[in-house]
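Chemist: For reference, this is coords-v9.pdb, and it has PDB, C-alpha atoms, pLDDT in the B column.
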ATOM      1  CA  MET A  27      -5.062  -2.279  -0.396  1.00 46.00           C
ATOM      2  CA  SER A  28      -3.320   1.023  -1.089  1.00 62.00           C
ATOM      3  CA  THR A  29      -0.070   1.162  -3.031  1.00 74.00           C
ATOM      4  CA  VAL A  30       2.923   2.997  -1.592  1.00 89.00           C
ATOM      5  CA  ALA A  31       5.525   4.725  -3.744  1.00 93.00           C
ATOM      6  CA  THR A  32       8.765   6.525  -3.086  1.00 96.00           C
ATOM      7  CA  ALA A  33      10.740   8.681  -5.497  1.00 96.00           C
ATOM      8  CA  GLN A  34      14.117  10.325  -5.701  1.00 97.00           C
ATOM      9  CA  ILE A  35      13.802  13.612  -7.573  1.00 97.00           C
ATOM     10  CA  SER A  36      16.907  15.055  -9.227  1.00 97.00           C
ATOM     11  CA  VAL A  37      17.138  18.782  -9.898  1.00 97.00           C
ATOM     12  CA  ARG A  38      19.025  20.615 -12.629  1.00 96.00           C
ATOM     13  CA  PRO A  39      22.111  22.519 -11.347  1.00 95.00           C
ATOM     14  CA  GLU A  40      20.720  25.878 -12.460  1.00 95.00           C
ATOM     15  CA  ALA A  41      17.282  25.342 -10.915  1.00 95.00           C
ATOM     16  CA  ASP A  42      15.843  27.459  -8.097  1.00 96.00           C
ATOM     17  CA  MET A  43      15.420  24.958  -5.246  1.00 96.00           C
ATOM     18  CA  GLU A  44      12.640  26.891  -3.521  1.00 96.00           C
ATOM     19  CA  ALA A  45      10.635  27.231  -6.733  1.00 96.00           C
ATOM     20  CA  THR A  46      11.244  23.587  -7.606  1.00 96.00           C
ATOM     21  CA  GLU A  47      10.059  22.389  -4.216  1.00 97.00           C
ATOM     22  CA  GLN A  48       6.950  24.555  -4.482  1.00 96.00           C
ATOM     23  CA  ALA A  49       6.203  23.107  -7.941  1.00 95.00           C
ATOM     24  CA  LEU A  50       6.642  19.557  -6.618  1.00 96.00           C
ATOM     25  CA  ARG A  51       4.242  20.185  -3.765  1.00 96.00           C
ATOM     26  CA  GLN A  52       1.659  21.728  -6.065  1.00 95.00           C
ATOM     27  CA  GLN A  53       1.937  18.762  -8.410  1.00 94.00           C
ATOM     28  CA  LEU A  54       1.361  16.338  -5.539  1.00 94.00           C
ATOM     29  CA  ASP A  55      -1.559  18.376  -4.231  1.00 94.00           C
ATOM     30  CA  ASN A  56      -3.220  18.211  -7.638  1.00 91.00           C
ATOM     31  CA  THR A  57      -2.593  14.527  -8.404  1.00 88.00           C
ATOM     32  CA  PRO A  58      -5.844  12.501  -8.461  1.00 85.00           C
ATOM     33  CA  GLY A  59      -5.933   9.345  -6.383  1.00 83.00           C
ATOM     34  CA  LEU A  60      -3.350  10.296  -3.769  1.00 88.00           C
ATOM     35  CA  ALA A  61      -4.500   9.597  -0.211  1.00 88.00           C
ATOM     36  CA  ASP A  62      -1.402  11.210   1.311  1.00 92.00           C
ATOM     37  CA  TRP A  63       2.087  12.387   0.334  1.00 95.00           C
ATOM     38  CA  HIS A  64       5.346  13.761   1.690  1.00 97.00           C
ATOM     39  CA  CYS A  65       8.055  15.846   0.043  1.00 97.00           C
ATOM     40  CA  GLY A  66      11.379  16.455   1.804  1.00 98.00           C
ATOM     41  CA  ARG A  67      14.621  18.082   0.705  1.00 98.00           C
ATOM     42  CA  ASN A  68      17.493  15.636   1.152  1.00 98.00           C
ATOM     43  CA  LEU A  69      20.237  16.561   3.587  1.00 98.00           C
ATOM     44  CA  GLU A  70      23.986  16.541   3.056  1.00 97.00           C
ATOM     45  CA  GLY A  71      25.514  13.076   3.290  1.00 96.00           C
ATOM     46  CA  CYS A  72      23.083  11.166   1.052  1.00 98.00           C
ATOM     47  CA  TRP A  73      24.467   9.046  -1.772  1.00 96.00           C
ATOM     48  CA  GLY A  74      22.915   7.578  -4.899  1.00 97.00           C
ATOM     49  CA  ALA A  75      20.002   9.924  -4.253  1.00 98.00           C
ATOM     50  CA  GLY A  76      18.363  12.997  -5.732  1.00 98.00           C
ATOM     51  CA  GLU A  77      17.739  16.372  -4.150  1.00 98.00           C
ATOM     52  CA  PHE A  78      14.238  15.489  -2.897  1.00 98.00           C
ATOM     53  CA  THR A  79      12.565  12.421  -1.437  1.00 98.00           C
ATOM     54  CA  VAL A  80       8.878  12.144  -2.327  1.00 97.00           C
ATOM     55  CA  ASP A  81       6.547   9.533  -0.848  1.00 96.00           C
ATOM     56  CA  MET A  82       3.010   8.809  -1.998  1.00 94.00           C
ATOM     57  CA  ILE A  83       0.141   6.667  -0.752  1.00 90.00           C
ATOM     58  CA  TRP A  84      -2.423   5.798  -3.416  1.00 84.00           C
ATOM     59  CA  ARG A  85      -6.050   4.961  -2.725  1.00 79.00           C
ATOM     60  CA  GLU A  86      -6.091   2.371  -5.504  1.00 70.00           C
ATOM     61  CA  SER A  87      -3.743  -0.559  -6.013  1.00 63.00           C
ATOM     62  CA  VAL A  88      -2.702   0.768  -9.433  1.00 56.00           C
ATOM     63  CA  PRO A  89      -2.625   4.569  -9.836  1.00 58.00           C
ATOM     64  CA  ALA A  90      -4.649   5.825 -12.761  1.00 50.00           C
ATOM     65  CA  VAL A  91      -2.597   9.009 -13.093  1.00 52.00           C
ATOM     66  CA  ALA A  92       1.035   9.231 -11.993  1.00 62.00           C
ATOM     67  CA  PRO A  93       2.614  12.607 -11.232  1.00 76.00           C
ATOM     68  CA  GLY A  94       4.565  13.947 -14.209  1.00 85.00           C
ATOM     69  CA  PHE A  95       7.573  15.076 -12.196  1.00 92.00           C
ATOM     70  CA  THR A  96       9.929  15.368 -15.149  1.00 89.00           C
ATOM     71  CA  GLU A  97       7.541  17.790 -16.849  1.00 90.00           C
ATOM     72  CA  LEU A  98       8.109  20.349 -14.085  1.00 93.00           C
ATOM     73  CA  PRO A  99      10.641  23.148 -14.614  1.00 91.00           C
ATOM     74  CA  GLY A 100      13.967  22.446 -12.932  1.00 94.00           C
ATOM     75  CA  ILE A 101      13.475  18.671 -12.645  1.00 96.00           C
ATOM     76  CA  ALA A 102      16.222  16.562 -14.239  1.00 96.00           C
ATOM     77  CA  GLY A 103      14.841  13.113 -13.401  1.00 95.00           C
ATOM     78  CA  ALA A 104      12.581  11.025 -11.176  1.00 95.00           C
ATOM     79  CA  ASP A 105      13.378   7.529  -9.925  1.00 95.00           C
ATOM     80  CA  VAL A 106       9.964   6.231  -8.800  1.00 94.00           C
ATOM     81  CA  ALA A 107       9.378   2.840  -7.175  1.00 93.00           C
ATOM     82  CA  HIS A 108       5.965   1.482  -6.206  1.00 92.00           C
ATOM     83  CA  TYR A 109       6.171  -1.172  -3.534  1.00 94.00           C
ATOM     84  CA  GLU A 110       4.072  -3.453  -1.388  1.00 93.00           C
ATOM     85  CA  PRO A 111       4.905  -3.383   2.327  1.00 93.00           C
ATOM     86  CA  VAL A 112       6.310  -6.623   3.753  1.00 93.00           C
ATOM     87  CA  ALA A 113       6.140  -5.402   7.348  1.00 96.00           C
ATOM     88  CA  CYS A 114       6.154  -2.216   9.352  1.00 96.00           C
ATOM     89  CA  GLY A 115       6.449  -1.226  13.001  1.00 97.00           C
ATOM     90  CA  LEU A 116       5.503   1.703  15.188  1.00 97.00           C
ATOM     91  CA  ARG A 117       7.044   2.920  18.408  1.00 97.00           C
ATOM     92  CA  GLU A 118       6.061   6.559  18.043  1.00 97.00           C
ATOM     93  CA  ALA A 119       3.130   7.039  15.681  1.00 95.00           C
ATOM     94  CA  GLY A 120       2.889  10.704  16.689  1.00 95.00           C
ATOM     95  CA  LEU A 121       6.545  11.473  15.906  1.00 97.00           C
ATOM     96  CA  ARG A 122       7.079  15.074  14.801  1.00 97.00           C
ATOM     97  CA  ARG A 123      10.042  17.092  13.479  1.00 97.00           C
ATOM     98  CA  GLY A 124      12.201  14.043  12.931  1.00 98.00           C
ATOM     99  CA  ILE A 125      14.255  12.427  10.164  1.00 98.00           C
ATOM    100  CA  TRP A 126      12.958  10.235   7.323  1.00 98.00           C
ATOM    101  CA  ARG A 127      15.448   7.774   5.864  1.00 98.00           C
ATOM    102  CA  THR A 128      15.021   5.756   2.647  1.00 98.00           C
ATOM    103  CA  LEU A 129      17.292   2.934   1.465  1.00 98.00           C
ATOM    104  CA  MET A 130      16.570   1.582  -2.024  1.00 98.00           C
ATOM    105  CA  LEU A 131      18.445  -1.594  -2.929  1.00 98.00           C
ATOM    106  CA  THR A 132      18.578  -4.447  -5.426  1.00 98.00           C
ATOM    107  CA  LEU A 133      19.028  -8.103  -4.576  1.00 98.00           C
ATOM    108  CA  ARG A 134      21.293 -10.051  -6.894  1.00 97.00           C
ATOM    109  CA  GLU A 135      19.547 -11.863  -9.725  1.00 95.00           C
ATOM    110  CA  GLY A 136      18.965 -15.498  -8.880  1.00 95.00           C
ATOM    111  CA  THR A 137      18.989 -15.037  -5.102  1.00 96.00           C
ATOM    112  CA  ALA A 138      17.129 -18.013  -3.618  1.00 96.00           C
ATOM    113  CA  ALA A 139      13.741 -17.343  -2.020  1.00 97.00           C
ATOM    114  CA  ALA A 140      15.030 -18.609   1.330  1.00 96.00           C
ATOM    115  CA  GLU A 141      17.909 -16.114   1.211  1.00 96.00           C
ATOM    116  CA  VAL A 142      15.526 -13.279   0.297  1.00 97.00           C
ATOM    117  CA  ALA A 143      13.343 -14.139   3.290  1.00 97.00           C
ATOM    118  CA  ALA A 144      16.372 -14.378   5.607  1.00 96.00           C
ATOM    119  CA  PHE A 145      17.683 -11.010   4.439  1.00 97.00           C
ATOM    120  CA  GLU A 146      14.288  -9.355   4.961  1.00 98.00           C
ATOM    121  CA  GLN A 147      14.076 -10.753   8.481  1.00 97.00           C
ATOM    122  CA  GLU A 148      17.581  -9.508   9.267  1.00 97.00           C
ATOM    123  CA  LEU A 149      16.607  -5.981   8.207  1.00 97.00           C
ATOM    124  CA  LEU A 150      13.405  -6.188  10.219  1.00 98.00           C
ATOM    125  CA  GLY A 151      15.442  -7.344  13.215  1.00 97.00           C
ATOM    126  CA  MET A 152      17.333  -4.050  13.362  1.00 97.00           C
ATOM    127  CA  PRO A 153      14.733  -2.119  15.429  1.00 97.00           C
ATOM    128  CA  GLY A 154      15.045  -4.778  18.129  1.00 97.00           C
ATOM    129  CA  TYR A 155      18.644  -3.703  18.654  1.00 97.00           C
ATOM    130  CA  MET A 156      18.283   0.020  17.926  1.00 97.00           C
ATOM    131  CA  GLY A 157      15.831   2.043  19.963  1.00 97.00           C
ATOM    132  CA  GLY A 158      16.532   5.104  17.832  1.00 98.00           C
ATOM    133  CA  ILE A 159      14.492   3.570  15.018  1.00 98.00           C
ATOM    134  CA  ARG A 160      11.121   4.882  16.069  1.00 98.00           C
ATOM    135  CA  ASN A 161       9.048   3.627  13.128  1.00 98.00           C
ATOM    136  CA  TRP A 162       9.973   1.449  10.132  1.00 98.00           C
ATOM    137  CA  ARG A 163       8.680  -0.141   6.927  1.00 97.00           C
ATOM    138  CA  LEU A 164      10.134  -2.680   4.490  1.00 98.00           C
ATOM    139  CA  GLY A 165       8.635  -3.128   1.035  1.00 96.00           C
ATOM    140  CA  ARG A 166       9.118  -5.210  -2.113  1.00 97.00           C
ATOM    141  CA  VAL A 167       9.175  -3.157  -5.306  1.00 96.00           C
ATOM    142  CA  VAL A 168       6.418  -3.998  -7.813  1.00 92.00           C
ATOM    143  CA  SER A 169       7.112  -1.324 -10.451  1.00 88.00           C
ATOM    144  CA  PRO A 170       7.695  -2.986 -13.839  1.00 87.00           C
ATOM    145  CA  GLY A 171      11.231  -2.329 -15.038  1.00 87.00           C
ATOM    146  CA  SER A 172      12.445  -0.782 -11.782  1.00 93.00           C
ATOM    147  CA  ARG A 173      16.128  -1.271 -10.979  1.00 95.00           C
ATOM    148  CA  TRP A 174      15.217  -1.721  -7.295  1.00 98.00           C
ATOM    149  CA  THR A 175      13.812  -4.782  -5.523  1.00 98.00           C
ATOM    150  CA  HIS A 176      13.360  -3.437  -1.965  1.00 98.00           C
ATOM    151  CA  VAL A 177      12.721  -0.196  -0.088  1.00 98.00           C
ATOM    152  CA  TRP A 178      13.744   0.005   3.602  1.00 98.00           C
ATOM    153  CA  GLN A 179      12.555   3.155   5.414  1.00 98.00           C
ATOM    154  CA  GLN A 180      12.852   4.374   8.974  1.00 98.00           C
ATOM    155  CA  GLU A 181      11.849   7.371  11.075  1.00 98.00           C
ATOM    156  CA  TYR A 182      14.083   8.921  13.746  1.00 98.00           C
ATOM    157  CA  THR A 183      13.665  11.731  16.205  1.00 98.00           C
ATOM    158  CA  ALA A 184      17.190  13.061  15.483  1.00 97.00           C
ATOM    159  CA  ILE A 185      19.874  12.762  12.800  1.00 97.00           C
ATOM    160  CA  ASP A 186      22.346  11.342  15.340  1.00 97.00           C
ATOM    161  CA  ASP A 187      20.166   8.248  15.750  1.00 97.00           C
ATOM    162  CA  LEU A 188      20.647   7.491  12.049  1.00 97.00           C
ATOM    163  CA  MET A 189      24.259   8.577  11.576  1.00 96.00           C
ATOM    164  CA  GLY A 190      25.326   7.222  14.949  1.00 96.00           C
ATOM    165  CA  GLU A 191      23.402   4.286  16.382  1.00 96.00           C
ATOM    166  CA  TYR A 192      22.026   2.871  13.101  1.00 95.00           C
ATOM    167  CA  LEU A 193      25.067   3.171  10.851  1.00 93.00           C
ATOM    168  CA  LEU A 194      27.588   2.238  13.555  1.00 94.00           C
ATOM    169  CA  HIS A 195      25.721  -0.450  15.494  1.00 96.00           C
ATOM    170  CA  PRO A 196      27.475  -3.857  15.826  1.00 95.00           C
ATOM    171  CA  TYR A 197      24.351  -5.659  14.569  1.00 96.00           C
ATOM    172  CA  HIS A 198      24.545  -3.556  11.410  1.00 94.00           C
ATOM    173  CA  TRP A 199      28.277  -3.970  10.776  1.00 91.00           C
ATOM    174  CA  GLY A 200      28.737  -7.429  12.219  1.00 91.00           C
ATOM    175  CA  TRP A 201      25.652  -9.094  10.750  1.00 92.00           C
ATOM    176  CA  VAL A 202      23.490  -7.206   8.223  1.00 95.00           C
ATOM    177  CA  ASP A 203      26.385  -5.540   6.402  1.00 94.00           C
ATOM    178  CA  ARG A 204      27.709  -8.921   5.241  1.00 95.00           C
ATOM    179  CA  ARG A 205      24.712  -9.091   2.913  1.00 96.00           C
ATOM    180  CA  PHE A 206      26.020  -5.956   1.161  1.00 95.00           C
ATOM    181  CA  ASP A 207      29.682  -7.005   0.976  1.00 94.00           C
ATOM    182  CA  PRO A 208      31.122  -9.058  -1.954  1.00 92.00           C
ATOM    183  CA  GLU A 209      33.978 -10.064   0.352  1.00 93.00           C
ATOM    184  CA  PHE A 210      31.471 -12.394   2.080  1.00 92.00           C
ATOM    185  CA  PRO A 211      30.348 -14.389  -0.978  1.00 92.00           C
ATOM    186  CA  GLU A 212      28.562 -17.041   1.065  1.00 92.00           C
ATOM    187  CA  VAL A 213      25.974 -14.486   2.308  1.00 93.00           C
ATOM    188  CA  TRP A 214      26.306 -11.577  -0.160  1.00 95.00           C
ATOM    189  CA  VAL A 215      22.912 -10.865  -1.787  1.00 97.00           C
ATOM    190  CA  VAL A 216      22.732  -7.074  -2.355  1.00 97.00           C
ATOM    191  CA  GLU A 217      24.075  -5.379  -5.487  1.00 96.00           C
ATOM    192  CA  THR A 218      26.629  -2.649  -4.823  1.00 92.00           C
ATOM    193  CA  HIS A 219      24.557   0.251  -6.184  1.00 95.00           C
ATOM    194  CA  LEU A 220      22.343   1.755  -3.470  1.00 97.00           C
ATOM    195  CA  CYS A 221      20.245   4.816  -2.773  1.00 98.00           C
ATOM    196  CA  HIS A 222      20.700   6.179   0.769  1.00 98.00           C
ATOM    197  CA  ALA A 223      18.596   9.299   1.323  1.00 98.00           C
ATOM    198  CA  PHE A 224      17.406  11.177   4.394  1.00 98.00           C
ATOM    199  CA  CYS A 225      15.448  14.369   4.861  1.00 98.00           C
ATOM    200  CA  PRO A 226      13.528  16.317   7.517  1.00 98.00           C
ATOM    201  CA  LEU A 227      10.164  14.888   8.562  1.00 97.00           C
ATOM    202  CA  GLN A 228       7.411  17.139   9.932  1.00 96.00           C
ATOM    203  CA  SER A 229       5.187  14.271  11.122  1.00 96.00           C
ATOM    204  CA  SER A 230       5.290  10.484  10.911  1.00 97.00           C
ATOM    205  CA  ILE A 231       4.574   9.046   7.462  1.00 95.00           C
ATOM    206  CA  ILE A 232       4.341   5.443   8.643  1.00 94.00           C
ATOM    207  CA  GLY A 233       2.109   6.388  11.545  1.00 91.00           C
ATOM    208  CA  ARG A 234      -0.552   7.775   9.231  1.00 84.00           C
ATOM    209  CA  SER A 235      -0.332   5.300   6.333  1.00 73.00           C
TER     210      SER A 235
END
Rewrite the coordinates I just gave you, this time as structure tokens.
Modeler:
Amino acid sequence: MSTVATAQISVRPEADMEATEQALRQQLDNTPGLADWHCGRNLEGCWGAGEFTVDMIWRESVPAVAPGFTELPGIAGADVAHYEPVACGLREAGLRRGIWRTLMLTLREGTAAAEVAAFEQELLGMPGYMGGIRNWRLGRVVSPGSRWTHVWQQEYTAIDDLMGEYLLHPYHWGWVDRRFDPEFPEVWVVETHLCHAFCPLQSSIIGRS
């Protein structure tokens, strides 16, 4: 089984973004063991994120050589999380020129297994209410020492489907959002620090992984 990884890459303020992106892509191209990868420049409106989202699919369960992102000129940091997919779904495997969204989150320490399972199912229920989610994947983080426990990713044909339907849908605000809100202590399971990132997508990542 291949291992999937996602990374938020932070760039130094003085760095040349074009040169940095080119260096990232070259590094990914030359990394042994990668079956596939994606590198996208994050758009305005992200929070808790870097300047680039990088996704990698490894041929082996444990990568022998990890990309040394922080060794590249212009790179300030790399928050990398390897994860095992819990579930994924496809409506449009051939999606092109869309939007790739990544949410990295942490469940509160001590959350009961039944609550973890319920929360995962609530996230995975979102595509049933939101047709704008064309493809999706939920994963549990397996990186030792990572601050994240889950990665929730979706693909959209247009930014409005993310910023409109997804973020404003009643199922999101009336049901799932309670899991993220300390004002609902009986169901609150997600720590308040989050990474919400989205970037252009040339072709479906989930459809080819």
Chemist: Fewer than 5 positions away in the same chain doesn't count, so skip those; otherwise give me all residues within 6 Å of stretch 99-114 of chain A, counting all atoms listed in the file, as a list in words.
Modeler: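 So the residues in contact are Val30, Ala31, Thr32, Ala33, Gln34, Ile35, Ser36, Val37, Arg38, Ala41, Trp162, Arg163, Leu164, Gly165, Arg166, Val167, Val168 and Ser169 of chain A.
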Chemist: May I ask which of the residues A:Gly59, A:Leu69, A:Thr175, A:Thr79 is the closest one to A:Thr132, counting all atoms listed in the file?
Modeler: A:Thr175
Chemist: Counting all atoms listed in the file, figure out which residue out of A:Leu194, A:Leu50, A:Leu98, A:Ala139 gets nearest to A:Asp81.
Modeler: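 Going through A:Leu194, A:Leu50, A:Leu98, A:Ala139 one by one, the smallest distance to A:Asp81 is for A:Leu50.
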Chemist: Rank nothing, just name the residue among A:Leu150, A:Met156, A:Cys65, A:Met130 nearest to A:Thr46, using all atoms listed in the file.
Modeler: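 Checking each candidate against A:Thr46, we get A:Cys65 as the closest.
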Chemist: List the residues selected by the PyMOL selection byres ((chain A and resi 191) around 12) in the file shown, writing them as a list in words.
Modeler: Met152, Pro153, Tyr155, Met156, Gly157, Gly158, Ile159, Tyr182, Ala184, Ile185, Asp186, Asp187, Leu188, Met189, Gly190, Tyr192, Leu193, Leu194, His195, Pro196, Tyr197, His198 and Trp199 of chain A
Chemist: Applying 12 Å and all atoms listed in the file, which residues near A:His219 remain after dropping the ones on its own chain fewer than 4 positions away? List them as a VMD selection string.
Modeler: chain A and resid 73 to 75 129 to 134 173 to 175 206 to 207
Chemist: Please compute the atom CA of A:Ser229-atom CA of A:Gly120 distance, one decimal, in Å.
Modeler: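 Result for atom CA of A:Ser229 versus atom CA of A:Gly120: 7.0 Å, one decimal.
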Chemist: If I take atom CA of A:Arg123 and atom CA of A:Ser235, how far is one from the other in Å, to one decimal?
Modeler: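 According to the coordinates, atom CA of A:Arg123 and atom CA of A:Ser235 are separated by 17.3 Å.
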Chemist: Hey, can you check how far atom CA of A:Val215 sits from atom CA of A:Val142?
Modeler: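 Taking atom CA of A:Val215 as the start and atom CA of A:Val142 as the end point, the length is 8.0 Å.
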Chemist: Can you list, as a VMD selection string, the residues that the PyMOL selection byres ((chain A and resi 64) around 10) selects here?
Modeler: chain A and resid 32 51 54 62 to 63 65 to 66 79 to 83 227 to 231
Chemist: Can you sort out the box for stretch 184-203 of chain A, edges along x, y and z, all listed atoms in, 3 Å on every side, with centre and edge lengths in Å to one decimal, as JSON?
Modeler:
{"center_x": 23.0, "center_y": 2.0, "center_z": 11.4, "size_x": 17.5, "size_y": 28.2, "size_z": 16.0}
Chemist: Select, from A:Glu47, A:Glu135, A:Gln53, A:Thr29, the residue with the minimum atom-to-atom distance to A:Trp84, counting all atoms listed in the file.
Modeler: A:Thr29
Chemist: Could you tell me, as number ranges by chain, exactly which residues end up selected when the PyMOL selection byres ((chain A and resi 119) around 8) is applied to this structure?
Modeler: A: 116-118, 120-121, 161, 230, 232-234
Chemist: Would you kindly identify which residues have an atom no farther than 8 Å from (17.3, 12.9, 6.0), using all atoms listed in the file and the file's own coordinates, and write them out as a list in words?
Modeler: Arg67, Asn68, Leu69, Cys72, Ile125, Trp126, Arg127, Ile185, Ala223, Phe224, Cys225, Pro226 and Leu227 of chain A
Chemist: Those selected residues, please, written with C-alpha atoms and delivered as a PDB file, in the coordinates of the input.
Modeler:
ATOM      1  CA  ARG A  67      14.621  18.082   0.705  1.00 98.00           C
ATOM      2  CA  ASN A  68      17.493  15.636   1.152  1.00 98.00           C
ATOM      3  CA  LEU A  69      20.237  16.561   3.587  1.00 98.00           C
ATOM      4  CA  CYS A  72      23.083  11.166   1.052  1.00 98.00           C
ATOM      5  CA  ILE A 125      14.255  12.427  10.164  1.00 98.00           C
ATOM      6  CA  TRP A 126      12.958  10.235   7.323  1.00 98.00           C
ATOM      7  CA  ARG A 127      15.448   7.774   5.864  1.00 98.00           C
ATOM      8  CA  ILE A 185      19.874  12.762  12.800  1.00 97.00           C
ATOM      9  CA  ALA A 223      18.596   9.299   1.323  1.00 98.00           C
ATOM     10  CA  PHE A 224      17.406  11.177   4.394  1.00 98.00           C
ATOM     11  CA  CYS A 225      15.448  14.369   4.861  1.00 98.00           C
ATOM     12  CA  PRO A 226      13.528  16.317   7.517  1.00 98.00           C
ATOM     13  CA  LEU A 227      10.164  14.888   8.562  1.00 97.00           C
TER      14      LEU A 227
END
Chemist: Starting from the structure just given, write a file holding stretch 50-57 of chain A with all heavy atoms, as a short mmCIF file (atom, residue, chain, number, x, y, z; two decimals), in the first residue's frame.
Modeler:
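Once everything was written out, this is result_11.cif:
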data_model
loop_
_atom_site.label_atom_id
_atom_site.label_comp_id
_atom_site.auth_asym_id
_atom_site.auth_seq_id
_atom_site.Cartn_x
_atom_site.Cartn_y
_atom_site.Cartn_z
N LEU A 50 11.28 23.74 -5.87
CA LEU A 50 10.43 22.71 -5.26
C LEU A 50 10.09 21.62 -6.27
O LEU A 50 10.17 20.42 -5.97
CB LEU A 50 9.14 23.35 -4.73
CG LEU A 50 9.18 24.04 -3.38
CD1 LEU A 50 7.87 24.79 -3.14
CD2 LEU A 50 9.41 23.02 -2.26
N ARG A 51 9.70 22.03 -7.44
CA ARG A 51 9.33 21.06 -8.48
C ARG A 51 10.51 20.20 -8.89
O ARG A 51 10.36 18.98 -9.12
CB ARG A 51 8.72 21.79 -9.67
CG ARG A 51 7.36 22.43 -9.36
CD ARG A 51 6.79 23.21 -10.53
NE ARG A 51 5.45 23.67 -10.24
CZ ARG A 51 4.34 22.95 -10.42
NH1 ARG A 51 4.43 21.72 -10.92
NH2 ARG A 51 3.15 23.44 -10.12
N GLN A 52 11.68 20.79 -9.01
CA GLN A 52 12.86 20.02 -9.35
C GLN A 52 13.19 19.01 -8.25
O GLN A 52 13.58 17.87 -8.54
CB GLN A 52 14.04 20.96 -9.59
CG GLN A 52 13.94 21.76 -10.88
CD GLN A 52 15.07 22.75 -11.07
OE1 GLN A 52 15.82 23.04 -10.14
NE2 GLN A 52 15.20 23.28 -12.29
N GLN A 53 13.05 19.45 -7.00
CA GLN A 53 13.31 18.55 -5.88
C GLN A 53 12.37 17.36 -5.92
O GLN A 53 12.77 16.21 -5.71
CB GLN A 53 13.15 19.31 -4.55
CG GLN A 53 13.35 18.49 -3.31
CD GLN A 53 14.81 18.40 -2.90
OE1 GLN A 53 15.69 18.48 -3.75
NE2 GLN A 53 15.07 18.24 -1.63
N LEU A 54 11.10 17.60 -6.18
CA LEU A 54 10.12 16.52 -6.25
C LEU A 54 10.40 15.60 -7.42
O LEU A 54 10.30 14.37 -7.30
CB LEU A 54 8.71 17.11 -6.34
CG LEU A 54 8.21 17.80 -5.07
CD1 LEU A 54 7.05 18.74 -5.39
CD2 LEU A 54 7.81 16.78 -4.02
N ASP A 55 10.76 16.17 -8.54
CA ASP A 55 11.09 15.36 -9.72
C ASP A 55 12.25 14.41 -9.46
O ASP A 55 12.30 13.31 -10.02
CB ASP A 55 11.46 16.28 -10.90
CG ASP A 55 10.34 16.38 -11.92
OD1 ASP A 55 9.46 15.49 -11.93
OD2 ASP A 55 10.35 17.32 -12.73
N ASN A 56 13.17 14.84 -8.63
CA ASN A 56 14.40 14.07 -8.39
C ASN A 56 14.37 13.25 -7.10
O ASN A 56 15.40 12.72 -6.69
CB ASN A 56 15.60 15.03 -8.36
CG ASN A 56 15.84 15.70 -9.70
OD1 ASN A 56 15.63 15.09 -10.75
ND2 ASN A 56 16.25 16.96 -9.68
N THR A 57 13.22 13.15 -6.46
CA THR A 57 13.11 12.39 -5.21
C THR A 57 12.83 10.92 -5.51
O THR A 57 11.79 10.60 -6.09
CB THR A 57 12.01 12.96 -4.31
OG1 THR A 57 12.32 14.31 -3.97
CG2 THR A 57 11.87 12.15 -3.04
#
